[in-house]
file coords12.txt (compact mmCIF, C-alpha atoms and all ligand atoms)
# COMPACT_ATOMS: atom_id res chain seq x y z
CA MET A 1 -42.72 -17.11 4.64
CA THR A 2 -41.60 -17.79 8.21
CA GLU A 3 -44.56 -19.84 9.45
CA GLY A 4 -43.75 -23.53 9.44
CA LYS A 5 -39.98 -23.07 9.05
CA ARG A 6 -37.61 -25.08 11.22
CA VAL A 7 -34.48 -24.00 13.07
CA VAL A 8 -31.95 -26.09 14.94
CA LEU A 9 -30.41 -23.80 17.55
CA GLY A 10 -27.06 -24.77 19.07
CA VAL A 11 -26.35 -23.14 22.42
CA THR A 12 -22.79 -23.21 23.73
CA GLY A 13 -21.29 -22.30 27.10
CA GLY A 14 -21.11 -18.57 27.57
CA ILE A 15 -22.89 -15.98 29.69
CA ALA A 16 -24.91 -14.95 26.61
CA ALA A 17 -26.60 -18.39 26.68
CA TYR A 18 -29.57 -16.75 28.39
CA LYS A 19 -30.07 -14.59 25.28
CA ALA A 20 -30.59 -17.78 23.28
CA ALA A 21 -33.80 -18.16 25.28
CA GLU A 22 -34.90 -14.76 23.96
CA LEU A 23 -33.98 -15.87 20.44
CA THR A 24 -36.00 -19.08 20.85
CA ARG A 25 -39.00 -17.06 21.97
CA ALA A 26 -38.71 -14.59 19.08
CA LEU A 27 -38.57 -17.44 16.54
CA VAL A 28 -41.46 -19.39 18.09
CA LYS A 29 -43.54 -16.20 18.07
CA LYS A 30 -43.04 -16.03 14.30
CA GLY A 31 -44.33 -19.58 13.89
CA VAL A 32 -40.89 -21.21 13.60
CA SER A 33 -40.36 -24.67 15.09
CA VAL A 34 -37.13 -24.64 17.12
CA LYS A 35 -35.13 -27.64 18.32
CA VAL A 36 -32.33 -26.76 20.72
CA ILE A 37 -29.04 -28.59 21.12
CA MET A 38 -27.05 -27.61 24.20
CA THR A 39 -23.40 -28.36 24.88
CA GLY A 40 -22.44 -29.62 28.33
CA HIS A 41 -20.98 -26.21 29.18
CA ALA A 42 -24.14 -24.38 28.06
CA LYS A 43 -26.07 -26.32 30.71
CA GLU A 44 -23.85 -24.71 33.36
CA PHE A 45 -25.29 -21.34 32.35
CA ILE A 46 -28.95 -22.09 31.66
CA SER A 47 -31.28 -25.00 32.27
CA PRO A 48 -32.47 -27.19 29.35
CA LEU A 49 -35.94 -26.86 30.85
CA THR A 50 -36.00 -23.16 29.85
CA PHE A 51 -35.55 -24.09 26.18
CA GLN A 52 -37.95 -27.02 26.44
CA VAL A 53 -40.70 -24.75 27.76
CA LEU A 54 -39.99 -21.94 25.28
CA SER A 55 -39.65 -24.15 22.21
CA GLY A 56 -42.26 -26.75 23.16
CA ASN A 57 -39.76 -29.39 22.00
CA PRO A 58 -37.37 -31.72 23.80
CA VAL A 59 -33.85 -30.34 24.22
CA PHE A 60 -30.93 -32.41 22.93
CA SER A 61 -27.50 -32.69 24.43
CA ASP A 62 -26.36 -36.26 24.75
CA MET A 63 -24.89 -37.93 21.68
CA PHE A 64 -25.85 -41.41 22.84
CA SER A 65 -29.11 -40.74 24.67
CA GLN A 66 -31.72 -43.50 24.36
CA GLU A 67 -34.43 -41.05 25.38
CA HIS A 68 -34.94 -39.44 21.96
CA TYR A 69 -33.74 -42.36 19.85
CA ASP A 70 -35.75 -41.04 16.86
CA MET A 71 -33.75 -37.78 16.85
CA ASN A 72 -30.14 -38.76 16.29
CA HIS A 73 -27.40 -36.52 14.93
CA ILE A 74 -28.42 -37.21 11.34
CA SER A 75 -32.12 -36.48 11.75
CA LEU A 76 -31.31 -33.30 13.71
CA ALA A 77 -28.92 -32.24 10.93
CA GLU A 78 -31.70 -32.77 8.40
CA TYR A 79 -34.41 -31.13 10.52
CA GLY A 80 -33.40 -27.48 10.24
CA ASP A 81 -34.09 -25.18 7.31
CA VAL A 82 -31.34 -23.19 9.02
CA MET A 83 -28.81 -24.19 11.70
CA VAL A 84 -27.90 -21.43 14.15
CA VAL A 85 -25.22 -21.36 16.84
CA ALA A 86 -25.93 -18.60 19.37
CA PRO A 87 -23.98 -17.87 21.40
CA ALA A 88 -20.97 -19.45 19.72
CA THR A 89 -17.80 -19.78 21.81
CA ALA A 90 -14.25 -19.79 20.43
CA ASN A 91 -14.31 -23.52 21.19
CA ILE A 92 -17.24 -24.43 18.88
CA ILE A 93 -15.88 -22.13 16.15
CA GLY A 94 -12.52 -23.89 16.42
CA LYS A 95 -14.14 -27.33 16.26
CA MET A 96 -16.26 -26.38 13.26
CA ALA A 97 -13.25 -24.91 11.45
CA THR A 98 -11.20 -28.06 11.89
CA GLY A 99 -13.94 -30.64 11.39
CA ILE A 100 -13.93 -31.93 14.94
CA ALA A 101 -17.12 -33.79 15.86
CA ASP A 102 -16.79 -34.88 19.47
CA ASP A 103 -20.22 -34.03 20.88
CA LEU A 104 -23.81 -33.80 19.61
CA LEU A 105 -23.69 -30.15 18.46
CA SER A 106 -20.38 -30.33 16.59
CA THR A 107 -21.45 -33.62 14.98
CA VAL A 108 -24.82 -32.24 13.86
CA LEU A 109 -23.15 -29.13 12.41
CA LEU A 110 -20.70 -31.22 10.44
CA ALA A 111 -23.52 -33.37 9.05
CA ALA A 112 -25.82 -30.44 8.19
CA LYS A 113 -26.50 -29.41 4.57
CA ALA A 114 -28.73 -26.44 5.54
CA PRO A 115 -27.26 -22.91 5.82
CA ILE A 116 -25.34 -22.41 9.08
CA ILE A 117 -25.36 -19.08 10.93
CA VAL A 118 -22.83 -18.57 13.71
CA CYS A 119 -23.24 -15.77 16.26
CA PRO A 120 -20.02 -15.43 18.28
CA ALA A 121 -19.99 -14.11 21.84
CA MET A 122 -16.85 -14.10 23.96
CA ASN A 123 -14.19 -11.96 25.61
CA ASP A 124 -12.76 -9.40 23.14
CA ASN A 125 -9.16 -10.70 23.44
CA MET A 126 -10.44 -14.13 22.47
CA TYR A 127 -12.60 -12.80 19.63
CA THR A 128 -9.83 -10.69 18.10
CA HIS A 129 -7.21 -13.45 18.55
CA GLY A 130 -5.61 -14.33 15.23
CA VAL A 131 -6.50 -18.00 15.54
CA VAL A 132 -10.21 -17.29 16.12
CA GLN A 133 -10.25 -14.82 13.22
CA GLU A 134 -8.52 -17.39 10.98
CA ASN A 135 -11.13 -19.99 11.99
CA ILE A 136 -13.92 -17.55 11.17
CA ALA A 137 -12.36 -16.74 7.79
CA ARG A 138 -11.99 -20.47 7.04
CA LEU A 139 -15.63 -21.17 7.93
CA LYS A 140 -16.80 -18.22 5.80
CA LYS A 141 -14.90 -19.78 2.89
CA HIS A 142 -16.99 -22.89 3.45
CA GLY A 143 -20.23 -20.89 3.27
CA VAL A 144 -20.88 -20.48 7.00
CA GLN A 145 -22.50 -17.12 7.73
CA PHE A 146 -21.63 -14.99 10.74
CA VAL A 147 -23.62 -12.39 12.63
CA ALA A 148 -20.79 -10.34 14.08
CA PRO A 149 -20.78 -9.54 17.79
CA GLY A 150 -21.35 -5.99 18.99
CA TYR A 151 -19.18 -3.63 20.98
CA GLY A 152 -19.95 -2.91 24.62
CA GLU A 153 -19.49 -4.00 28.21
CA LEU A 154 -18.58 -7.68 28.42
CA ALA A 155 -19.27 -10.19 31.19
CA CYS A 156 -15.60 -10.00 32.26
CA LYS A 157 -16.18 -6.28 33.08
CA THR A 158 -14.07 -5.05 30.18
CA GLU A 159 -15.30 -3.14 27.16
CA GLY A 160 -14.76 -4.44 23.68
CA VAL A 161 -16.15 -6.36 20.78
CA GLY A 162 -17.68 -9.67 21.80
CA ARG A 163 -21.30 -9.12 22.91
CA LEU A 164 -23.78 -11.39 21.19
CA ALA A 165 -25.42 -9.53 18.28
CA ASP A 166 -28.92 -8.11 18.76
CA ILE A 167 -31.63 -10.76 18.65
CA ASP A 168 -33.38 -8.80 15.85
CA ASP A 169 -30.19 -8.97 13.75
CA ILE A 170 -29.94 -12.72 14.30
CA VAL A 171 -33.62 -13.25 13.41
CA GLU A 172 -33.14 -11.16 10.25
CA ALA A 173 -30.10 -13.25 9.25
CA ILE A 174 -32.16 -16.43 9.76
CA GLU A 175 -35.11 -15.15 7.71
CA SER A 176 -32.76 -13.99 4.99
CA ALA A 177 -30.98 -17.38 4.93
CA TRP A 178 -34.11 -19.28 3.90
CA THR A 179 -35.28 -16.69 1.40
CA ASP A 180 -34.68 -17.45 -2.27
CA LYS A 181 -32.32 -14.81 -3.73
CA ASP A 182 -34.40 -14.30 -6.85
CA LEU A 183 -33.73 -10.54 -6.99
CA ARG A 184 -29.94 -10.88 -7.01
CA GLY A 185 -28.54 -8.51 -9.63
CA GLU A 186 -31.30 -5.95 -9.14
CA ARG A 187 -30.54 -2.51 -7.72
CA ILE A 188 -33.80 -1.18 -6.31
CA LEU A 189 -34.36 2.33 -5.05
CA ILE A 190 -37.29 2.62 -2.64
CA THR A 191 -38.77 5.73 -1.04
CA ALA A 192 -40.76 5.57 2.18
CA GLY A 193 -42.41 7.63 4.86
CA PRO A 194 -43.77 11.16 4.89
CA THR A 195 -42.01 14.39 4.05
CA ARG A 196 -41.86 17.39 6.38
CA GLU A 197 -42.35 20.85 4.95
CA PRO A 198 -41.30 23.43 7.56
CA PHE A 199 -42.60 26.97 7.79
CA ASP A 200 -40.72 28.08 10.89
CA PRO A 201 -38.03 26.48 13.12
CA VAL A 202 -40.62 24.54 15.18
CA ARG A 203 -43.51 23.73 12.81
CA PHE A 204 -44.04 21.82 9.62
CA ILE A 205 -46.70 20.31 7.34
CA THR A 206 -46.67 16.53 7.04
CA ASN A 207 -48.96 13.48 6.70
CA TYR A 208 -49.70 10.19 8.47
CA SER A 209 -47.27 7.90 6.65
CA SER A 210 -45.34 5.71 9.10
CA GLY A 211 -42.91 4.29 6.54
CA LYS A 212 -44.13 0.71 7.16
CA MET A 213 -45.00 -0.03 3.51
CA GLY A 214 -41.69 1.26 2.13
CA TYR A 215 -39.60 -0.37 4.88
CA ALA A 216 -41.37 -3.70 4.24
CA LEU A 217 -40.45 -3.39 0.55
CA ALA A 218 -36.82 -2.60 1.44
CA THR A 219 -36.62 -5.51 3.91
CA MET A 220 -38.07 -8.05 1.50
CA ALA A 221 -36.09 -6.81 -1.51
CA GLY A 222 -32.91 -7.07 0.59
CA ARG A 223 -33.79 -10.55 1.78
CA ARG A 224 -34.43 -11.59 -1.80
CA GLY A 225 -30.92 -10.57 -2.76
CA ALA A 226 -31.44 -7.12 -4.31
CA GLU A 227 -29.09 -4.24 -3.62
CA VAL A 228 -31.45 -1.78 -1.92
CA ILE A 229 -31.27 1.97 -1.46
CA LEU A 230 -33.96 3.17 0.93
CA ILE A 231 -34.61 6.91 0.94
CA SER A 232 -36.86 7.69 3.85
CA GLY A 233 -38.65 10.66 5.26
CA PRO A 234 -38.91 10.88 9.07
CA SER A 235 -39.93 7.51 10.56
CA SER A 236 -39.47 5.82 13.92
CA LEU A 237 -38.98 2.38 12.35
CA PRO A 238 -35.68 0.52 12.70
CA VAL A 239 -33.56 0.68 9.55
CA PRO A 240 -33.72 -2.65 7.67
CA ARG A 241 -30.45 -4.58 7.83
CA GLY A 242 -28.00 -4.86 4.97
CA ILE A 243 -29.27 -1.98 2.86
CA THR A 244 -28.12 1.54 2.02
CA PHE A 245 -30.20 3.99 4.04
CA ILE A 246 -30.59 7.69 3.32
CA SER A 247 -32.57 9.85 5.68
CA VAL A 248 -34.29 12.97 4.34
CA ALA A 249 -36.91 15.36 5.67
CA SER A 250 -38.49 17.51 2.94
CA ALA A 251 -39.72 16.71 -0.58
CA LEU A 252 -36.86 18.79 -2.00
CA GLU A 253 -34.32 16.70 -0.05
CA MET A 254 -36.05 13.50 -1.16
CA ARG A 255 -35.94 14.65 -4.79
CA ASP A 256 -32.19 15.41 -4.57
CA ALA A 257 -31.43 12.07 -2.89
CA VAL A 258 -33.46 10.13 -5.49
CA MET A 259 -31.78 11.88 -8.42
CA THR A 260 -28.31 11.37 -6.91
CA HIS A 261 -28.89 7.61 -6.56
CA LEU A 262 -30.78 6.95 -9.79
CA GLU A 263 -27.71 5.82 -11.75
CA GLY A 264 -27.46 2.05 -12.04
CA THR A 265 -30.89 1.29 -10.58
CA THR A 266 -33.02 -1.36 -12.28
CA ALA A 267 -36.24 -0.50 -10.44
CA ILE A 268 -37.66 2.40 -8.45
CA ILE A 269 -40.57 1.96 -6.05
CA LYS A 270 -42.05 5.15 -4.68
CA ALA A 271 -44.02 4.25 -1.55
CA ALA A 272 -43.34 7.61 0.11
CA ALA A 273 -46.19 10.02 0.76
CA VAL A 274 -44.57 13.15 -0.63
CA ALA A 275 -46.12 16.51 0.18
CA ASP A 276 -47.30 18.12 -3.04
CA TYR A 277 -46.90 21.61 -1.54
CA ARG A 278 -44.46 23.34 0.79
CA PRO A 279 -44.70 26.72 2.56
CA ALA A 280 -43.41 29.38 0.17
CA VAL A 281 -41.57 31.16 2.97
CA LEU A 282 -39.54 29.56 5.77
CA SER A 283 -39.47 31.98 8.67
CA GLU A 284 -36.11 32.10 10.46
CA SER A 285 -37.78 32.74 13.80
CA LYS A 286 -40.82 31.16 15.43
CA ILE A 287 -44.00 32.73 14.07
CA LYS A 288 -45.75 34.49 16.94
CA LYS A 289 -49.40 34.00 17.72
CA LYS A 290 -51.54 37.00 16.71
CA LYS A 291 -55.23 37.81 16.78
CA GLY A 292 -57.09 36.49 13.72
CA PRO A 293 -56.18 33.79 11.22
CA LEU A 294 -52.71 33.06 9.88
CA THR A 295 -52.35 32.64 6.14
CA LEU A 296 -49.66 30.33 4.81
CA HIS A 297 -48.76 30.54 1.11
CA LEU A 298 -47.85 27.19 -0.37
CA GLU A 299 -45.92 26.43 -3.51
CA ARG A 300 -45.67 23.24 -5.53
CA ASN A 301 -43.03 20.67 -4.71
CA PRO A 302 -41.33 18.89 -7.58
CA ASP A 303 -43.19 15.80 -8.74
CA ILE A 304 -40.37 13.32 -8.24
CA ILE A 305 -42.00 10.33 -9.88
CA ALA A 306 -43.01 12.38 -12.95
CA GLU A 307 -39.39 13.54 -13.29
CA ILE A 308 -38.14 9.92 -13.18
CA GLY A 309 -40.91 8.82 -15.56
CA ALA A 310 -39.72 11.37 -18.11
CA LYS A 311 -36.23 9.81 -18.20
CA LYS A 312 -36.74 6.32 -16.90
CA GLU A 313 -34.83 4.50 -19.70
CA ASN A 314 -34.81 0.75 -19.01
CA ARG A 315 -35.82 1.03 -15.37
CA VAL A 316 -39.02 -0.34 -13.91
CA LEU A 317 -40.98 2.46 -12.27
CA VAL A 318 -43.60 1.67 -9.64
CA GLY A 319 -45.70 4.34 -7.95
CA PHE A 320 -48.26 4.24 -5.17
CA ALA A 321 -51.60 6.02 -5.07
CA MET A 322 -53.43 6.80 -1.88
CA GLU A 323 -56.94 7.87 -2.77
CA SER A 324 -60.08 8.77 -0.84
CA GLU A 325 -62.42 8.34 -3.84
CA ASP A 326 -62.43 6.81 -7.35
CA LEU A 327 -59.40 4.70 -6.44
CA VAL A 328 -58.90 2.87 -9.72
CA GLU A 329 -59.67 5.83 -12.03
CA ASN A 330 -57.39 8.22 -10.15
CA ALA A 331 -54.62 5.65 -9.85
CA ARG A 332 -54.84 4.84 -13.58
CA ALA A 333 -54.55 8.54 -14.49
CA LYS A 334 -51.32 8.77 -12.43
CA LEU A 335 -49.96 5.52 -13.89
CA LEU A 336 -50.40 6.69 -17.48
CA GLY A 337 -49.68 10.38 -16.92
CA LYS A 338 -46.33 9.76 -15.23
CA ASN A 339 -45.05 6.89 -17.40
CA MET A 340 -45.08 4.29 -14.61
CA ASP A 341 -44.91 0.52 -15.24
CA LEU A 342 -47.16 -0.27 -12.28
CA ILE A 343 -49.13 1.65 -9.71
CA VAL A 344 -50.15 0.25 -6.33
CA ALA A 345 -53.46 1.72 -5.24
CA ASN A 346 -54.58 1.76 -1.62
CA ASP A 347 -57.82 3.18 -0.31
CA LEU A 348 -57.78 5.70 2.55
CA HIS A 349 -61.21 4.55 3.75
CA GLN A 350 -60.53 0.80 3.93
CA SER A 351 -59.82 -0.51 7.39
CA GLY A 352 -56.46 -2.31 7.44
CA ALA A 353 -55.20 -0.44 4.37
CA GLY A 354 -52.81 2.46 3.88
CA PHE A 355 -51.31 4.72 6.55
CA GLN A 356 -49.93 3.26 9.79
CA TYR A 357 -51.39 -0.25 9.58
CA ASP A 358 -49.15 -3.35 9.63
CA THR A 359 -51.40 -4.63 6.84
CA ASN A 360 -52.54 -3.31 3.49
CA ILE A 361 -55.15 -4.06 0.82
CA ILE A 362 -54.01 -3.12 -2.67
CA LYS A 363 -54.81 -3.14 -6.33
CA ILE A 364 -51.86 -3.33 -8.72
CA LEU A 365 -52.63 -1.61 -12.01
CA ASP A 366 -50.61 -1.92 -15.20
CA PRO A 367 -50.68 0.26 -18.37
CA GLN A 368 -52.38 -2.53 -20.36
CA GLY A 369 -55.51 -2.20 -18.21
CA GLY A 370 -54.78 -5.13 -15.87
CA VAL A 371 -55.84 -4.90 -12.22
CA GLU A 372 -54.48 -7.43 -9.71
CA GLU A 373 -56.47 -7.36 -6.48
CA VAL A 374 -54.46 -8.30 -3.39
CA PRO A 375 -56.59 -8.88 -0.28
CA LEU A 376 -55.77 -7.86 3.30
CA MET A 377 -52.37 -9.17 4.30
CA ASP A 378 -49.28 -8.17 6.26
CA LYS A 379 -47.24 -5.41 4.58
CA MET A 380 -44.29 -7.85 4.34
CA ASP A 381 -46.44 -10.20 2.21
CA ILE A 382 -47.83 -7.26 0.21
CA ALA A 383 -44.23 -6.22 -0.44
CA ASN A 384 -43.47 -9.67 -1.81
CA ARG A 385 -46.46 -9.51 -4.17
CA ILE A 386 -45.25 -6.15 -5.51
CA LEU A 387 -41.67 -7.43 -5.84
CA ASP A 388 -42.91 -10.50 -7.75
CA ARG A 389 -44.40 -8.11 -10.34
CA VAL A 390 -41.22 -6.00 -10.38
CA LYS A 391 -39.14 -9.11 -11.03
CA ILE A 392 -41.27 -10.09 -14.05
CA LEU A 393 -40.86 -6.59 -15.49
CA THR A 394 -37.10 -6.27 -14.91
CA ASN A 395 -36.60 -9.70 -16.52
CA ALA A 396 -38.78 -8.68 -19.48
CA LYS A 397 -36.86 -5.43 -19.95
CA ARG A 398 -33.58 -7.34 -19.99
CA SER A 399 -34.63 -9.87 -22.59
O1 LIG B 1 -46.07 4.55 5.34
P1 LIG B 1 -47.32 3.76 5.71
O2 LIG B 1 -47.93 4.24 7.00
O3 LIG B 1 -47.05 2.28 5.69
O4 LIG B 1 -48.42 4.04 4.60
C1 LIG B 1 -48.22 3.61 3.29
C2 LIG B 1 -48.70 4.64 2.26
C3 LIG B 1 -50.17 4.83 2.41
C4 LIG B 1 -47.96 5.95 2.47
C5 LIG B 1 -48.34 4.05 0.85
O5 LIG B 1 -48.97 2.81 0.71
C6 LIG B 1 -48.77 5.00 -0.26
O6 LIG B 1 -49.88 4.92 -0.77
N1 LIG B 1 -47.86 5.93 -0.67
C7 LIG B 1 -48.15 6.96 -1.66
C8 LIG B 1 -49.08 7.97 -1.09
C9 LIG B 1 -49.18 9.18 -1.96
O7 LIG B 1 -48.57 10.14 -1.67
O8 LIG B 1 -49.84 9.00 -3.05
P2 LIG B 1 -50.00 10.19 -4.17
O9 LIG B 1 -51.16 9.74 -4.91
O10 LIG B 1 -50.03 11.54 -3.52
O11 LIG B 1 -48.68 10.10 -5.03
C10 LIG B 1 -48.57 9.26 -6.18
C11 LIG B 1 -47.15 8.82 -6.38
O12 LIG B 1 -46.34 9.94 -6.70
C12 LIG B 1 -46.51 8.17 -5.18
O13 LIG B 1 -45.71 7.09 -5.61
C13 LIG B 1 -45.65 9.29 -4.59
O14 LIG B 1 -44.50 8.75 -3.92
C14 LIG B 1 -45.25 10.05 -5.83
N2 LIG B 1 -45.05 11.50 -5.62
C15 LIG B 1 -46.04 12.28 -5.13
C16 LIG B 1 -45.85 13.64 -5.00
C17 LIG B 1 -44.62 14.19 -5.36
N3 LIG B 1 -44.39 15.48 -5.24
N4 LIG B 1 -43.64 13.40 -5.85
C18 LIG B 1 -43.84 12.06 -5.99
O15 LIG B 1 -42.93 11.34 -6.43

call {"tool": "encode", "arguments": {"input": "coords12.txt", "output": "structure tokens"}}
result
Amino acid sequence: MTEGKRVVLGVTGGIAAYKAAELTRALVKKGVSVKVIMTGHAKEFISPLTFQVLSGNPVFSDMFSQEHYDMNHISLAEYGDVMVVAPATANIIGKMATGIADDLLSTVLLAAKAPIIVCPAMNDNMYTHGVVQENIARLKKHGVQFVAPGYGELACKTEGVGRLADIDDIVEAIESAWTDKDLRGERILITAGPTREPFDPVRFITNYSSGKMGYALATMAGRRGAEVILISGPSSLPVPRGITFISVASALEMRDAVMTHLEGTTAIIKAAAVADYRPAVLSESKIKKKKGPLTLHLERNPDIIAEIGAKKENRVLVGFAMESEDLVENARAKLLGKNMDLIVANDLHQSGAGFQYDTNIIKILDPQGGVEEVPLMDKMDIANRILDRVKILTNAKRS
């Protein structure tokens, strides 16, 4: 996915140039090969040596250098799967918008065929200036992508919009740029995380779901071009970029959110670990400790996936099964009983699978009796395997 990809990173002269070092490090950590081009002004803010050490590659700056004669402006333009400019000053944006190529970076950008991502960072008066905004609009028309700057305290001690976007947002934009948009046109509703079933103002019943599996599905579906609605129970994970996010707590809230957003969806993937039962009574005040045991009466929660299965129309419905024994048999019974198109079974007792892990080991079952075994891999890769199956099914339902 990311391993083995190549980025050409242009660094221009602004105080945020030091954050480009952080970006280089984040990309290299993901297995990306980074070649940095610095403008003359960027070198006033940060040393080329910093980027050389972090990227493990020579740093380029001089258009006519004899030192790296094998890496001229054309080979650098062809090197990157994605070209990134971070931070991007008003100056480089202006040059790009008007086709000026008067140094190595602007020349490489003009010669590049790969997607270009520009991450502006500057004083807010400069950023909001009509000319800069016109240049940005013009570049967008030519397919250049922008990761907009954030609002906050700026180097010039004023507050405004102009801070370089978060490194995580820039990395996400890069990973999205080289991902094939094969799910464009799909509207996928995904549930994730646990539910919380309260019985007094301070206590609730829940489970160990972290949300990682569902968030990985939402991230990958978004990167692959789908319109994603993520309905999540309580989770500490960052919300994936570029998706619609709905936060819920209880199974009843999750059910209402799912039913509200069902219209227009082409696929539903239910990775959430929904509590089957909730306390029958919700005490308004904290239940006091008494001698002897406390008995809680539980009542059934709605079975959300069964409700969707009963009226799923042309949608693809994918469920998950977390089992502690008879994984395949139990998963198959749920698949058939609830009218699902696929069920993803994960085993509670397998190390590296299920709750909390960054990885999973799954079996994908279909109603025809097929079982696809997917070995231990990162939840992002697992998500892609599930989405590959979803894509086949949505295409089949359309034809
Ligand atoms: O979040 P992580 O830490 O990454 O962990 C991932 C996971 C283990 C939670 C995930 O991979 C998983 O297996 N999710 C489903 C767990 C589960 O609740 O399985 P189940 O067998 O109880 O439910 C079967 C299916 O019915 C699930 O798709 C569930 O979302 C759905 N369901 C269950 C109960 C209910 N009342 N309504 C439902 O829609």

call {"tool": "atom_distance", "arguments": {"input": "coords12.txt", "atom1": "atom CA of Ala86 of chain A", "atom2": "atom CA of Leu217 of chain A"}}
result
28.2 Å

call {"tool": "residues_around", "arguments": {"input": "coords12.txt", "residues": "segment 201-205 of chain A", "least_positions_apart": "5", "cutoff": "8 Å", "atoms": "all atoms listed in the file", "output": "ChimeraX atom specification"}}
result
/A:196,278,283-286

call {"tool": "closest_residue", "arguments": {"input": "coords12.txt", "among": "A:Arg223, A:Lys397, A:His129, A:Lys141", "to": "Thr266 of chain A", "atoms": "only C-alpha atoms"}}
result
A:Lys397

call {"tool": "residues_around", "arguments": {"input": "coords12.txt", "residues": "Tyr79 of chain A", "least_positions_apart": "6", "cutoff": "9 Å", "atoms": "all atoms listed in the file", "output": "MDAnalysis selection string"}}
result
chainID A and resid 6:8 35 112 114

call {"tool": "atom_distance", "arguments": {"input": "coords12.txt", "atom1": "atom CA of Leu105 of chain A", "atom2": "atom CA of Glu153 of chain A"}}
result
28.2 Å

call {"tool": "residues_near_ligand", "arguments": {"input": "coords12.txt", "ligand": "ligand LIG 1 (chain B)", "cutoff": "8 Å", "atoms": "only C-alpha atoms and all ligand atoms", "output": "number ranges by chain"}}
result
A: 191-194, 208-215, 251, 255, 269-277, 300-306, 318-323, 331, 334, 343-346, 348, 353-358, 360, 379

call {"tool": "atom_distance", "arguments": {"input": "coords12.txt", "atom1": "atom CA of Asp166 of chain A", "atom2": "atom CA of Gly150 of chain A"}}
result
7.9 Å

call {"tool": "residues_around", "arguments": {"input": "coords12.txt", "residues": "segment 154-165 of chain A", "least_positions_apart": "5", "cutoff": "10 Å", "atoms": "all atoms listed in the file", "output": "number ranges by chain"}}
result
A: 14-17, 19-20, 86-88, 119-128, 147-149, 170

call {"tool": "closest_residue", "arguments": {"input": "coords12.txt", "among": "A:Thr98, A:Phe199, A:Arg187, A:Ser232", "to": "Leu298 of chain A", "atoms": "only C-alpha atoms"}}
result
A:Phe199

call {"tool": "residues_around", "arguments": {"input": "coords12.txt", "residues": "His41 of chain A", "least_positions_apart": "2", "cutoff": "9 Å", "atoms": "all atoms listed in the file", "output": "list in words"}}
result
Thr12, Gly13, Gly14, Met38, Thr39, Lys43, Glu44 and Phe45 of chain A

call {"tool": "residues_near_point", "arguments": {"input": "coords12.txt", "point": "(-9.2, -17.2, 14.7)", "cutoff": "12 Å", "atoms": "all atoms listed in the file", "output": "NGL selection string"}}
result
:A and (89-98 or 120 or 125-140)

call {"tool": "residues_around", "arguments": {"input": "coords12.txt", "residues": "Val82 of chain A", "least_positions_apart": "6", "cutoff": "12 Å", "atoms": "only C-alpha atoms", "output": "count of residues only"}}
result
32

call {"tool": "axis_aligned_box", "arguments": {"input": "coords12.txt", "around": "segment 173-177 of chain A", "padding_each_side": "8 Å", "output": "JSON"}}
result
{"center_x": -32.6, "center_y": -15.3, "center_z": 7.3, "size_x": 21.0, "size_y": 20.1, "size_z": 20.8}

call {"tool": "closest_residue", "arguments": {"input": "coords12.txt", "among": "A:Asp366, A:Glu263, A:Asp256, A:Asp169", "to": "Ala26 of chain A", "atoms": "only C-alpha atoms"}}
result
A:Asp169

call {"tool": "build_atoms", "arguments": {"input": "coords12.txt", "residues": "segment 321-327 of chain A", "atoms": "N, CA, C and O atoms", "output": "CSV table (one decimal), keeping the file's coordinate frame"}}
result
chain,number,residue,atom,x,y,z
A,321,ALA,N,-50.6,5.0,-5.1
A,321,ALA,CA,-51.6,6.0,-5.1
A,321,ALA,C,-52.4,5.8,-3.8
A,321,ALA,O,-52.9,4.7,-3.6
A,322,MET,N,-52.6,6.8,-3.1
A,322,MET,CA,-53.4,6.8,-1.9
A,322,MET,C,-54.6,7.7,-2.2
A,322,MET,O,-54.4,8.9,-2.4
A,323,GLU,N,-55.8,7.1,-2.3
A,323,GLU,CA,-56.9,7.9,-2.8
A,323,GLU,C,-58.1,7.8,-1.8
A,323,GLU,O,-58.2,6.8,-1.1
A,324,SER,N,-58.9,8.8,-1.7
A,324,SER,CA,-60.1,8.8,-0.8
A,324,SER,C,-61.4,8.5,-1.7
A,324,SER,O,-62.4,8.2,-1.1
A,325,GLU,N,-61.3,8.7,-3.0
A,325,GLU,CA,-62.4,8.3,-3.8
A,325,GLU,C,-61.9,8.0,-5.2
A,325,GLU,O,-60.8,8.3,-5.6
A,326,ASP,N,-62.8,7.3,-6.0
A,326,ASP,CA,-62.4,6.8,-7.4
A,326,ASP,C,-61.0,6.2,-7.4
A,326,ASP,O,-60.2,6.7,-8.3
A,327,LEU,N,-60.8,5.3,-6.6
A,327,LEU,CA,-59.4,4.7,-6.4
A,327,LEU,C,-58.8,4.3,-7.8
A,327,LEU,O,-57.7,4.7,-8.1
